[in-house]
Structures are given as C-alpha cells and as structure tokens.
>>> print(open('query28.tsv').read())   # TSV, C-alpha atoms
chain	number	residue	atom	x	y	z
A	1	GLY	CA	157.12	84.42	144.21
A	2	LEU	CA	154.33	86.71	142.98
A	3	ASP	CA	154.83	90.28	141.85
A	4	VAL	CA	151.32	91.62	142.52
A	5	GLY	CA	148.25	90.38	144.39
A	6	ILE	CA	144.69	91.46	145.17
A	7	ARG	CA	143.71	91.14	148.83
A	8	ILE	CA	140.17	91.36	150.23
A	9	GLY	CA	139.99	91.98	153.97
A	10	GLU	CA	141.99	93.76	156.60
A	11	LEU	CA	145.72	93.65	155.92
A	12	ALA	CA	148.07	92.18	158.45
A	13	ASP	CA	151.23	94.14	159.14
A	14	SER	CA	153.66	93.23	156.43
A	15	SER	CA	156.46	94.50	154.30
A	16	LEU	CA	154.16	94.65	151.27
A	17	ASN	CA	153.10	97.93	149.70
A	18	ALA	CA	149.33	98.32	149.46
A	19	VAL	CA	147.06	100.47	147.30
A	20	ALA	CA	143.43	100.74	148.44
A	21	VAL	CA	141.03	100.28	145.52
A	22	GLY	CA	137.58	99.77	147.03
A	23	THR	CA	135.41	97.72	149.34
A	24	VAL	CA	132.98	94.82	149.17
A	25	VAL	CA	130.26	93.56	151.49
A	26	ARG	CA	128.84	90.12	152.11
A	27	VAL	CA	125.42	89.80	150.47
A	28	ILE	CA	122.76	87.35	151.56
A	29	CYS	CA	120.68	86.32	148.57
A	30	ALA	CA	118.51	83.66	146.98
A	31	SER	CA	116.74	83.04	143.71
A	32	PRO	CA	113.28	84.54	143.23
A	33	ASP	CA	112.01	80.94	142.91
A	34	TYR	CA	113.33	80.05	146.37
A	35	VAL	CA	111.82	83.20	147.91
A	36	ALA	CA	108.45	82.45	146.26
A	37	ARG	CA	108.48	78.91	147.74
A	38	ALA	CA	109.98	79.53	151.17
A	39	GLY	CA	109.50	83.23	151.81
A	40	ALA	CA	112.17	85.75	152.70
A	41	PRO	CA	113.74	85.95	156.15
A	42	GLN	CA	112.66	89.13	157.91
A	43	LYS	CA	115.54	89.18	160.40
A	44	PRO	CA	118.83	87.30	160.74
A	45	THR	CA	117.43	84.99	163.41
A	46	ASP	CA	114.99	83.63	160.77
A	47	LEU	CA	117.89	82.13	158.78
A	48	PRO	CA	118.12	78.79	160.68
A	49	GLU	CA	114.55	78.06	159.53
A	50	HIS	CA	115.61	78.36	155.88
A	51	SER	CA	117.66	76.19	153.54
A	52	THR	CA	121.07	77.77	153.50
A	53	ILE	CA	124.09	77.20	151.29
A	54	LEU	CA	127.55	77.59	152.79
A	55	ALA	CA	130.51	78.54	150.64
A	56	ASN	CA	133.67	77.34	152.35
A	57	GLY	CA	135.69	79.41	149.89
A	58	LEU	CA	134.52	82.60	151.60
A	59	ASN	CA	134.49	81.40	155.18
A	60	ALA	CA	134.16	77.87	156.51
A	61	SER	CA	132.25	79.06	159.59
A	62	SER	CA	128.54	78.31	159.85
A	63	GLU	CA	128.14	81.44	161.97
A	64	TRP	CA	127.00	84.43	159.92
A	65	LYS	CA	127.78	87.73	161.64
A	66	PHE	CA	125.71	90.87	161.36
A	67	ALA	CA	126.16	94.31	162.94
A	68	ASN	CA	124.12	93.53	166.05
A	69	THR	CA	123.95	89.74	166.14
A	70	SER	CA	125.40	86.51	164.83
A	71	VAL	CA	123.43	83.50	163.69
A	72	HIS	CA	124.46	79.86	163.57
A	73	ILE	CA	123.10	78.34	160.38
A	74	ARG	CA	122.62	74.67	159.57
A	75	PRO	CA	123.54	74.55	155.89
A	76	ARG	CA	121.50	72.35	153.60
A	77	LEU	CA	124.46	72.37	151.22
A	78	ARG	CA	128.14	73.04	151.83
A	79	PHE	CA	130.54	73.70	148.95
A	80	ALA	CA	134.30	74.10	148.73
A	81	THR	CA	134.01	76.93	146.21
A	82	ASN	CA	132.02	80.14	146.00
A	83	ASP	CA	131.13	79.36	142.38
A	84	ALA	CA	129.39	76.12	143.38
A	85	ALA	CA	127.42	77.88	146.13
A	86	LEU	CA	126.43	80.56	143.62
A	87	GLU	CA	125.19	77.95	141.14
A	88	ALA	CA	123.16	76.22	143.87
A	89	ALA	CA	121.53	79.52	144.85
A	90	LEU	CA	120.76	80.32	141.22
A	91	ALA	CA	119.13	76.87	140.92
A	92	GLY	CA	116.83	77.67	143.85
A	93	PHE	CA	118.32	75.38	146.51
A	94	GLY	CA	118.46	78.05	149.22
A	95	ILE	CA	119.98	81.20	150.64
A	96	THR	CA	123.69	81.89	150.38
A	97	ARG	CA	126.11	84.62	151.43
A	98	LEU	CA	128.76	85.77	148.99
A	99	LEU	CA	130.71	88.93	148.26
A	100	SER	CA	128.95	91.77	146.48
A	101	TYR	CA	131.09	91.58	143.34
A	102	GLN	CA	130.32	87.86	142.97
A	103	VAL	CA	126.53	88.32	142.97
A	104	ALA	CA	126.20	91.81	141.43
A	105	PRO	CA	125.47	90.68	137.84
A	106	TYR	CA	122.84	88.16	139.02
A	107	ILE	CA	121.10	90.70	141.25
A	108	ALA	CA	121.16	93.22	138.39
A	109	ASP	CA	119.48	90.79	135.99
A	110	GLY	CA	116.99	89.50	138.57
A	111	ARG	CA	118.30	85.94	138.89
A	112	LEU	CA	119.11	86.59	142.56
A	113	VAL	CA	117.31	88.69	145.15
A	114	PRO	CA	119.24	90.36	147.98
A	115	LEU	CA	117.85	89.58	151.44
A	116	LEU	CA	118.20	91.29	154.83
A	117	GLN	CA	119.66	94.38	153.16
A	118	GLU	CA	118.83	96.54	156.15
A	119	GLU	CA	121.22	94.49	158.28
A	120	GLN	CA	124.53	96.32	158.27
A	121	GLN	CA	127.33	94.18	156.89
A	122	THR	CA	130.97	94.96	157.54
A	123	ARG	CA	132.71	96.51	154.57
A	124	LEU	CA	135.85	94.62	153.58
A	125	PRO	CA	138.66	96.64	152.02
A	126	ILE	CA	140.28	95.64	148.74
A	127	HIS	CA	143.99	96.32	148.21
A	128	ILE	CA	146.50	95.70	145.48
A	129	VAL	CA	149.64	94.46	147.22
A	130	TYR	CA	153.15	94.25	145.84
A	131	ARG	CA	156.67	93.85	147.14
A	132	GLU	CA	158.72	96.43	145.35
A	133	GLY	CA	158.47	99.92	146.82
A	134	ARG	CA	159.50	103.08	145.07
A	135	TYR	CA	162.08	101.07	143.14
A	136	ALA	CA	159.43	98.89	141.49
A	137	SER	CA	160.02	98.13	137.85
A	138	ALA	CA	158.15	100.17	135.28
A	139	LYS	CA	156.10	97.07	134.38
A	140	ILE	CA	154.95	96.59	137.98
A	141	ARG	CA	154.15	100.29	138.48
A	142	THR	CA	152.21	100.42	135.19
A	143	PHE	CA	150.26	97.26	136.02
A	144	VAL	CA	149.40	98.46	139.55
A	145	ASP	CA	148.28	101.86	138.22
A	146	LEU	CA	146.10	100.23	135.52
A	147	MET	CA	144.53	97.74	137.95
A	148	ALA	CA	143.90	100.44	140.56
A	149	ALA	CA	142.07	102.61	138.02
A	150	ARG	CA	139.96	99.72	136.72
A	151	LEU	CA	139.07	98.35	140.15
A	152	ARG	CA	138.16	101.79	141.53
A	153	ALA	CA	135.81	102.31	138.55
A	154	ASP	CA	134.00	98.98	139.06
A	155	SER	CA	130.68	99.62	140.84
A	156	ALA	CA	130.46	95.96	141.92
A	157	LEU	CA	133.64	96.49	143.94
A	158	ASN	CA	132.43	99.70	145.50
A	159	PRO	CA	128.80	99.08	146.50
A	160	PRO	CA	126.76	102.02	147.79
A	161	GLY	CA	126.03	102.35	151.46
>>> encode(input="query28.tsv", output="structure tokens")
Amino acid sequence: GLDVGIRIGELADSSLNAVAVGTVVRVICASPDYVARAGAPQKPTDLPEHSTILANGLNASSEWKFANTSVHIRPRLRFATNDAALEAALAGFGITRLLSYQVAPYIADGRLVPLLQEEQQTRLPIHIVYREGRYASAKIRTFVDLMAARLRADSALNPPG
C-alpha cells in the first residue's frame, strides 16, 4: 500500500522499480570514555573480550562478519532498536555496530570513535523503490527525483572507501 520506499541492502528480484542512491557500511564504534577505560580492539577477534551492544534492529545475529573473518560476540546489552543501542554506546556502555549514516554525526563531533576501520566492511546499497514504472504519476516521479538528488548528496550515505 506504499507508493515509495527506501531499501538498504541487496534487492531481491521484484516487480518494483529501483533507483540507486548510495551505499552505507556497518561501523563499529564506542565512546571515547569506553575506549579510555577498556582500550580499543586491535583486531576483530578481540571483540569477545569487550563489552558489546547488539542492535536487533540492524541484525539480530550475534555474529559480526568482516571481510576475512566472522566473530561471535557475547553482548553485554541487547536492544530492539538501533536508537537504543546508539544511546548506550554514547553513554559508554560498550562497543556497538551500526550503519554509517546513523553514527556519522556522533563520529564527526567526537562523541563516538570508529574502531577496526582497517577491517573491510561490505558496502550495502541504498535504493529508492516504487511500483509505478514509466506511467508513474507526476507526484511520484517528482518525489523520487527529489529524494534521489538529496540522498546522493548526503556524505553520510556515501562514505569514502
């Protein structure tokens, strides 16, 4: 029943039209206070020795995948929403993993520190999806064009690397 949606991740085959607008990556981060107390992990396999915060809104799995390895974490805290996990990380409760656009303002202002940046994370595509093809109403076409331009211009949705 929706006219337009934003989808993060690989698209399944469907009858929807899709406009690619950028990519995001998963970012592992913690507050500077946490890093000062507990240190920073030097490699992914150090993560089980740290307090971690799992956001079920992103992925309910306690296995964090990296380019060359995957690590099973034992979360200190587990939240149903990404916002709650973000707040816990900001408060210094541990290390979390969220999407780059969710943590970008906090990394920019120093309230969060990115960790394990050298570990290649899979880029996830972002698409605007909609049902109506070339016969889409003028309102839908205008909205999709506006959203595509704004999302493509957002540096938090198109991280370097």
>>> residues_around(input="query28.tsv", residues="Arg123 in chain A", least_positions_apart="2", cutoff="9 Å", atoms="all atoms listed in the file", output="VMD selection string")
chain A and resid 9 23 to 26 120 to 121 125
>>> closest_residue(input="query28.tsv", among="A:Gly5, A:Pro75, A:Gly22, A:Gly92", to="Ala38 in chain A", atoms="all atoms listed in the file")
A:Gly92
>>> closest_residue(input="query28.tsv", among="A:Leu77, A:Ala136, A:Cys29, A:Val21", to="Ile6 in chain A", atoms="only C-alpha atoms")
A:Val21
>>> residues_around(input="query28.tsv", residues="Glu118 in chain A", least_positions_apart="3", cutoff="10 Å", atoms="all atoms listed in the file", output="MDAnalysis selection string")
chainID A and resid 42:43 115 121
>>> atom_distance(input="query28.tsv", atom1="CA of Thr52 in chain A", atom2="CA of Phe93 in chain A")
7.9 Å
>>> residues_around(input="query28.tsv", residues="Thr96 in chain A", least_positions_apart="5", cutoff="12 Å", atoms="only C-alpha atoms", output="number ranges by chain")
A: 26-31, 34, 47, 50-56, 58-59, 62, 64, 73-79, 82-91, 102-103, 112-116
